[in-house]
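Asks: Handing you this structure, nothing more for now.
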Amino acid sequence: MTLDFSTLLPYTDVILEGLVTTLWLTVVTTAAGIALAILVAYVRDGSPTGTRAVISRLLGGYVEIVRNTPFIVQLFFLYFGLPALGVPISATAAALLAMILNLGAYTAEILRAGIDSTLKGQHEAARALGLSRRQSFRHVVLVPAFSRVYPSLISQCIIVMLGSAVVSQISVFDLTYAANFIQSRNFRGFEVYLVVTLIYLLLAVGLRLAFEFVGRRLFAFRQGGSS
Amino acid sequence: MALVSVKDLHKSFGELEVLKGIDLEIEAGEVVSIIGRSGSGKSTLLRCLNQLERHDWGTIHLADQRLDGGAMSPGELSQNVGMVFQSFNLFPHKTVIENVMLAPLVVKQTPRDEARRIAEQVLDKVGMLEKIDAYPAQLSGGQQQRVAIARALAMNPKVLLCDEVTSALDPELVGEVLRVLEDLAREGMTLILVTHEMKFARDVSHRVVFMHQGRIHESGDPQTLFTRPETPELSQFIASVL
């Protein structure tokens with residue numbers, strides 16, 4: 001067998017288009033998924049009472065459903081299920097929604113571990129200073145909690161980025177879809193998937209480096225100290 | 001009219017009755033040390049004063065205002081009663097000045113310039129002005145505790161509660177924290193301290209309260225109390241710590 005990468009050249013813009021889709025899906029998912037996770041963790045934090053207890057249970061159900069079913073089934077459920085319920089949804093919207101809900105659930109659990117390990121003294125100091133639960137969560141609890149679980153958070157975001165390959169199954173034009181498309185035209189499967197594999201690898205490494213760069217700035221307080 | 005007035009305070013944790021009826025009046029500008037064995041209820045009493053613990057029975061008044069039972073919001077409470085903890089409890093992700101500015105900014109809604117001015121003023125008072133941009137992890141225990149005192153003072157409370165504030169410190173760092181408290185006492189700050197520093201209790205406080213099994217067993221001016229204890233429990237306690 002001989003490798004011939006020149007057969008890929010006419011498809012450069014196809015690969016680029018797929019790459020751009022994968023990239024923006026990842027970026028939007030990361031931002032929205034983390035925001036969703038913060039919201040879920042905030043509602044579920046502590047021992048909720050009244051309305052918050054009800055919402056907290058519902059959110060707990062959401063987290064468990066997402067964490068105990070395959071991503072592709074979640075994707076199909078949204079893409080094929082919502083229209084059946086009378087809610088029309090485009091493939092891209094379904095893909096984005098599924099990814100955000102998926103990352104949100106996993107990150108909420110990761111973040112909860114960080115929040116639960118907050119020392120009692122931190123809560124007491126915040127209360128003694130007159131901070132409300134919301135102020136305490138935002139100003140006292142959140143950043144150190146993130147700093148403690150940051151490595152797990154990075155891994156989860158990379159998993160979701162790699163998992164986004166699945167959205168090609170509902171014909172979202174991502175990197176994997178581009179690969180399938182090219183392979184079906186030029187039948188050079190090995191070359192195409194080799195290149196796309198390398199691109200995913202670079203994306204994963206790049207994403208990790210970007211996260212670590214941000215983390216060093218965000219969590220500068222940890223340097224030279226324990227905690 | 002006493003500044004702090006505690007009447008018939010009871011508190012149980014489950015079956016265990018920790019406070020069995022505490023009556024205590026503290027005047028403005030008074031420095032009161034609460035001493036006693038561990039488990040005698042002294043920390044619980046202190047923590048009831050700013051409602052970190054909710055007591056089961058009794059009342060607490062500050063000036064003529066009811067303080068307990070939800071009569072004051074946490075925000076109001078923090079502007080009346082400040083607290084310093086044994087383990088400092090600084091916020092690790094915030095610099096010294098950010099730690100001190102946080103409550104004035106978010107609880108009191110003080111404008112940022114004003115909050116910074118206040119923060120610098122209280123940090124100067126505790127001798128930490130040159131470290132305002134350091135993170136807690138970069139400070140010694142004594143320095144962290146001085147920042148914690150400044151953080152409580154930034155809310156301009158009428159009373160400062162100190163819960164064994166030197167117990168977690170290396171011996172050579174105790175002095176710098178006690179000196180700050182002495183300065184505050186001299187300036188007329190009302191201080192209520194739970195402490196194991198008997199020398200400090202004797203030299204700086206106006207009154208010493210000895211707690212035993214959930215009650216105030218004996219109290220009085222430090223000279224009398226330490227040299228002529230009336231009860232055998234206090235004599236034993238003094239003998240065991242001196």
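The way I read the labels, and the way they are meant: chains A, B, ... in the order of the structure tokens, residue 1 as the first residue of every chain, and ligand 1 as the first ligand shown, with later ones counted on from there.
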Any idea what's packed within 9 Å of region 153-158 of chain B, counting only C-alpha atoms, ignoring anything in its chain fewer than 2 positions away? Could you give it as a PyMOL selection string?

Replies: (chain A and resi 129) or (chain B and resi 3+28+62+77-83+100-101+103-104+108+115+118-119+121-123+148-151+160+189-190)

Asks: Find the residues of chain B that sit at most 6 Å from chain A; for each, write down the nearest two atoms and how far apart they are in Å, to one decimal. Count only C-alpha atoms. Sort by chain, then by number going up, and give it as CSV.

Replies:
```
residue,atom,partner,partner_atom,distance
B:Pro74,CA,A:Gly130,CA,4.5
B:Gly75,CA,A:Gly130,CA,4.2
B:Ser78,CA,A:Gly130,CA,5.0
B:Asn89,CA,A:Gly121,CA,5.5
B:His93,CA,A:Phe221,CA,5.3
B:Ala103,CA,A:Leu129,CA,5.9
B:Tyr135,CA,A:Phe221,CA,5.9
B:Ala137,CA,A:Gly225,CA,4.5
```

Asks: Take the residues that were just selected and, keeping C-alpha atoms, output them as a PDB file, in the first residue's frame.

Replies:
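File part-v9.pdb, as written:
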```
ATOM      1  CA  PRO B  74     -26.493  38.992  58.441  1.00  0.00           C
ATOM      2  CA  GLY B  75     -25.448  42.281  56.852  1.00  0.00           C
ATOM      3  CA  SER B  78     -21.598  42.045  60.533  1.00  0.00           C
ATOM      4  CA  ASN B  89     -10.065  31.808  57.431  1.00  0.00           C
ATOM      5  CA  HIS B  93      -7.883  33.426  46.157  1.00  0.00           C
ATOM      6  CA  ALA B 103     -17.430  42.783  52.758  1.00  0.00           C
ATOM      7  CA  TYR B 135      -1.954  36.267  48.776  1.00  0.00           C
ATOM      8  CA  ALA B 137      -0.495  31.598  51.249  1.00  0.00           C
TER       9      ALA B 137
END
```

Asks: List as a PyMOL selection string the protein and nucleic acid residues near Thr26 (chain A), meaning an atom at most 12 Å away when only C-alpha atoms are counted, but skip any in the same chain fewer than 6 places from it.

Replies: chain A and resi 19-20+32-34+95-100+103+156-165+167+174-175+200+203-204+207

Asks: Quick one: write out the picked residues with C-alpha atoms as an mmCIF file, in the first residue's frame?

Replies:
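After the write, again_33.cif holds the following:
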```
data_model
loop_
_atom_site.group_PDB
_atom_site.id
_atom_site.type_symbol
_atom_site.label_atom_id
_atom_site.label_comp_id
_atom_site.auth_asym_id
_atom_site.auth_seq_id
_atom_site.Cartn_x
_atom_site.Cartn_y
_atom_site.Cartn_z
ATOM 1 C CA LEU A 19 -12.442 21.988 11.602
ATOM 2 C CA VAL A 20 -14.117 25.380 12.022
ATOM 3 C CA ALA A 32 -22.123 27.501 28.031
ATOM 4 C CA GLY A 33 -21.548 24.093 29.661
ATOM 5 C CA ILE A 34 -19.450 25.575 32.458
ATOM 6 C CA ALA A 95 -25.739 18.978 18.391
ATOM 7 C CA LEU A 96 -24.925 22.134 20.342
ATOM 8 C CA LEU A 97 -27.717 21.548 22.845
ATOM 9 C CA ALA A 98 -26.713 17.922 23.404
ATOM 10 C CA MET A 99 -23.067 18.880 23.928
ATOM 11 C CA ILE A 100 -23.901 21.702 26.343
ATOM 12 C CA LEU A 103 -20.781 18.937 29.571
ATOM 13 C CA GLN A 156 -13.958 16.720 30.686
ATOM 14 C CA CYS A 157 -13.866 19.556 28.154
ATOM 15 C CA ILE A 158 -11.444 17.564 26.002
ATOM 16 C CA ILE A 159 -13.705 14.513 26.224
ATOM 17 C CA VAL A 160 -16.623 16.607 24.995
ATOM 18 C CA MET A 161 -14.537 18.056 22.168
ATOM 19 C CA LEU A 162 -13.519 14.566 21.040
ATOM 20 C CA GLY A 163 -17.048 13.294 21.620
ATOM 21 C CA SER A 164 -18.327 15.940 19.249
ATOM 22 C CA ALA A 165 -17.247 13.604 16.426
ATOM 23 C CA VAL A 167 -22.555 14.826 15.825
ATOM 24 C CA ASP A 174 -17.848 18.782 11.612
ATOM 25 C CA LEU A 175 -14.338 17.430 11.212
ATOM 26 C CA TYR A 200 -7.995 15.994 16.742
ATOM 27 C CA LEU A 203 -6.912 20.225 19.020
ATOM 28 C CA ALA A 204 -6.836 18.266 22.281
ATOM 29 C CA LEU A 207 -7.232 22.962 24.252
#
```

Asks: Need to verify the contact set: region 33-46 of chain B, 10 Å, only C-alpha atoms, exclusion of same-chain residues closer than 3 positions in sequence. Can you return it as number ranges by chain?

Replies: B: 6, 9-12, 17-20, 22, 30, 49-55, 83, 161-164, 191-198, 200-202, 204-217, 219, 222, 233-234, 237-238, 240-241

Asks: If you run DSSP over the backbone, which residues in region 136-198 of chain A end up alpha helix (DSSP H)? Put them as a count of residues only.

Replies: 45
